[in-house]
Amino acid sequence: CNPHEVHINHKTAKLTMVGCNVQIFMRSPWAMLLGPAATLMVVIAWALGPLWMICGARKCVRPIKIFVFNWIRHDAPNLWCQPFSLEGRGLALHWTIGVWFILNVEFLVIALLLRDAVAVVAGYTLGKLSCIAANRLLAPTDTVLAMIKAELTKPDCQALGDTMIRLFEHRSNCFYLSSTELDALYNLPNVREDVENNEMYWFGWRELDQKFRFYTPMKVSDLESPI
């Protein structure tokens with residue numbers, strides 16, 4: 001990437017290869033600030049999660065969240081068999097999403113500063129590689145994967161058929177059900193009562209909601225699935 005002089009029509013010009021500006025910037029001291037800055041953004045967003053929910057921002061960022069989850073799931077499908085809690089194995093998915101987001105934000109800022117789209121391509125590639133690596137290194141064991149798929153394929157309520165496994169593997173905004181499957185879902189224990197009362201819990205029950213500082217009950221209109 002060292003500039004070299006060329007002579008064209010009795011004129012001298014300095015030429016560099018495509019993407020060299022990005023490489024030069026990444027070697028400079030300024031590049032060392034972008035990673036921590038992007039990490040700080042993610043930490044702040046996570047810490048302000050309950051405040052975002054109270055202010056209604058959760059609904060505003062829902063399309064972005066769905067897009068990011070579906071995008072990452074394409075490269076790291078096995079991580080969706082990990083818990084979604086913020087403790088233990090649930091950290092695998094959260095940290096994978098965090099690393100993916102940090103890399104893309106960092107290189108997007110570099111692209112804007114240098115006005116060089118090569119940085120966006122580099123960030124996308126590194127983010128994709130990080131998801132593929134996480135899918136291999138942080139995935140549950142083959143036994144756990146098989147158990148989860150078996151439970152979803154053959155639920156206790158036979159009227160559900162293959163609804164659960166189809167829903168688990170679904171990625172678009174539209175999902176179809178037969179009338180029999182709809183009746184089976186409606187008759188699941190506690191689901192009908194929660195829907196009729198228009199009140200549910202973010203993490204399954206009240207104690208977990210309080211543990212993670214979610215003090216306002218979730219309404220049915222706020223219901224969204226991380227799968």
# chains A, B, ... in the order shown; residues from 1 in each chain; ligands from 1
>>> residues_around(residues="Asn78 (chain A)", least_positions_apart="5", cutoff="8 Å", atoms="only C-alpha atoms", output="list in words")
Asn135, Ala139, Pro140 and Leu145 of chain A
>>> write_last_selection(atoms="all heavy atoms", output="mmCIF file, in the first residue's frame")
data_model
loop_
_atom_site.group_PDB
_atom_site.id
_atom_site.type_symbol
_atom_site.label_atom_id
_atom_site.label_comp_id
_atom_site.auth_asym_id
_atom_site.auth_seq_id
_atom_site.Cartn_x
_atom_site.Cartn_y
_atom_site.Cartn_z
ATOM 1 N N ASN A 135 -20.610 -19.953 15.903
ATOM 2 C CA ASN A 135 -21.508 -21.086 15.658
ATOM 3 C C ASN A 135 -20.787 -22.412 15.866
ATOM 4 O O ASN A 135 -21.420 -23.417 16.242
ATOM 5 C CB ASN A 135 -22.045 -21.014 14.230
ATOM 6 C CG ASN A 135 -23.143 -22.018 13.966
ATOM 7 O OD1 ASN A 135 -24.162 -22.035 14.643
ATOM 8 N ND2 ASN A 135 -22.936 -22.882 12.977
ATOM 9 N N ALA A 139 -21.572 -23.232 20.233
ATOM 10 C CA ALA A 139 -22.816 -23.983 20.065
ATOM 11 C C ALA A 139 -22.946 -25.052 21.149
ATOM 12 O O ALA A 139 -21.951 -25.537 21.686
ATOM 13 C CB ALA A 139 -22.842 -24.631 18.685
ATOM 14 N N PRO A 140 -24.174 -25.445 21.488
ATOM 15 C CA PRO A 140 -24.351 -26.558 22.439
ATOM 16 C C PRO A 140 -23.909 -27.868 21.808
ATOM 17 O O PRO A 140 -23.629 -27.939 20.599
ATOM 18 C CB PRO A 140 -25.862 -26.543 22.708
ATOM 19 C CG PRO A 140 -26.456 -25.866 21.526
ATOM 20 C CD PRO A 140 -25.451 -24.867 21.061
ATOM 21 N N LEU A 145 -28.619 -30.347 20.854
ATOM 22 C CA LEU A 145 -29.283 -29.965 19.602
ATOM 23 C C LEU A 145 -30.335 -30.995 19.202
ATOM 24 O O LEU A 145 -31.454 -30.645 18.802
ATOM 25 C CB LEU A 145 -28.241 -29.812 18.488
ATOM 26 C CG LEU A 145 -27.275 -28.632 18.592
ATOM 27 C CD1 LEU A 145 -26.222 -28.713 17.492
ATOM 28 C CD2 LEU A 145 -28.021 -27.309 18.514
#
>>> residues_around(residues="Thr180 (chain A)", least_positions_apart="6", cutoff="12 Å", atoms="only C-alpha atoms", output="ChimeraX atom specification")
/A:157-163,186-187
>>> residues_around(residues="Ile72 (chain A)", least_positions_apart="6", cutoff="9 Å", atoms="only C-alpha atoms", output="list in words")
Thr96, Ile97, Trp100, Lys128 and Cys131 of chain A
>>> write_last_selection(atoms="N, CA, C and O atoms", output="compact mmCIF listing (two decimals), in the first residue's frame")
# COMPACT_ATOMS: atom_id res chain seq x y z
N THR A 96 -22.12 -12.76 20.88
CA THR A 96 -21.94 -12.89 19.43
C THR A 96 -22.60 -11.72 18.71
O THR A 96 -22.02 -11.13 17.79
N ILE A 97 -23.82 -11.38 19.13
CA ILE A 97 -24.50 -10.23 18.53
C ILE A 97 -23.73 -8.95 18.82
O ILE A 97 -23.59 -8.07 17.95
N TRP A 100 -20.62 -8.78 16.58
CA TRP A 100 -21.06 -8.50 15.20
C TRP A 100 -21.42 -7.02 15.05
O TRP A 100 -21.03 -6.37 14.08
N LYS A 128 -19.24 -11.53 9.61
CA LYS A 128 -19.70 -12.84 9.16
C LYS A 128 -18.79 -13.95 9.68
O LYS A 128 -19.25 -15.01 10.14
N CYS A 131 -19.44 -14.66 13.36
CA CYS A 131 -20.65 -15.46 13.58
C CYS A 131 -20.41 -16.93 13.26
O CYS A 131 -20.86 -17.82 14.00
>>> atom_distance(atom1="CA of Leu33 (chain A)", atom2="CA of Lys65 (chain A)")
26.1 Å
>>> closest_residue(among="A:Met218, A:Leu40, A:Ile66, A:Ala184", to="Glu106 (chain A)", atoms="only C-alpha atoms")
A:Leu40
>>> atom_distance(atom1="CA of Pro63 (chain A)", atom2="CA of Gly127 (chain A)")
20.1 Å
>>> residues_around(residues="Ile148 (chain A)", least_positions_apart="3", cutoff="12 Å", atoms="only C-alpha atoms", output="count of residues only")
19
>>> residues_around(residues="Ser172 (chain A)", least_positions_apart="5", cutoff="12 Å", atoms="only C-alpha atoms", output="list of chain:residue names")
A:Pro63, A:Ile66, A:Phe67, A:Phe69, A:Asn70, A:Trp71, A:Arg166, A:Leu167, A:Ile227
>>> write_last_selection(atoms="C-alpha atoms", output="PDB file, in the first residue's frame")
ATOM      1  CA  PRO A  63     -37.826  -3.995  13.144  1.00  0.00           C
ATOM      2  CA  ILE A  66     -35.731  -8.630  14.015  1.00  0.00           C
ATOM      3  CA  PHE A  67     -33.537  -7.827  11.016  1.00  0.00           C
ATOM      4  CA  PHE A  69     -31.463 -11.521  14.640  1.00  0.00           C
ATOM      5  CA  ASN A  70     -32.517 -13.033  11.317  1.00  0.00           C
ATOM      6  CA  TRP A  71     -29.297 -11.865   9.659  1.00  0.00           C
ATOM      7  CA  ARG A 166     -41.724 -24.775  11.858  1.00  0.00           C
ATOM      8  CA  LEU A 167     -42.005 -21.730  14.089  1.00  0.00           C
ATOM      9  CA  ILE A 227     -36.400 -17.091  17.634  1.00  0.00           C
TER      10      ILE A 227
END
>>> atom_distance(atom1="CA of Phe175 (chain A)", atom2="CA of Phe101 (chain A)")
27.7 Å
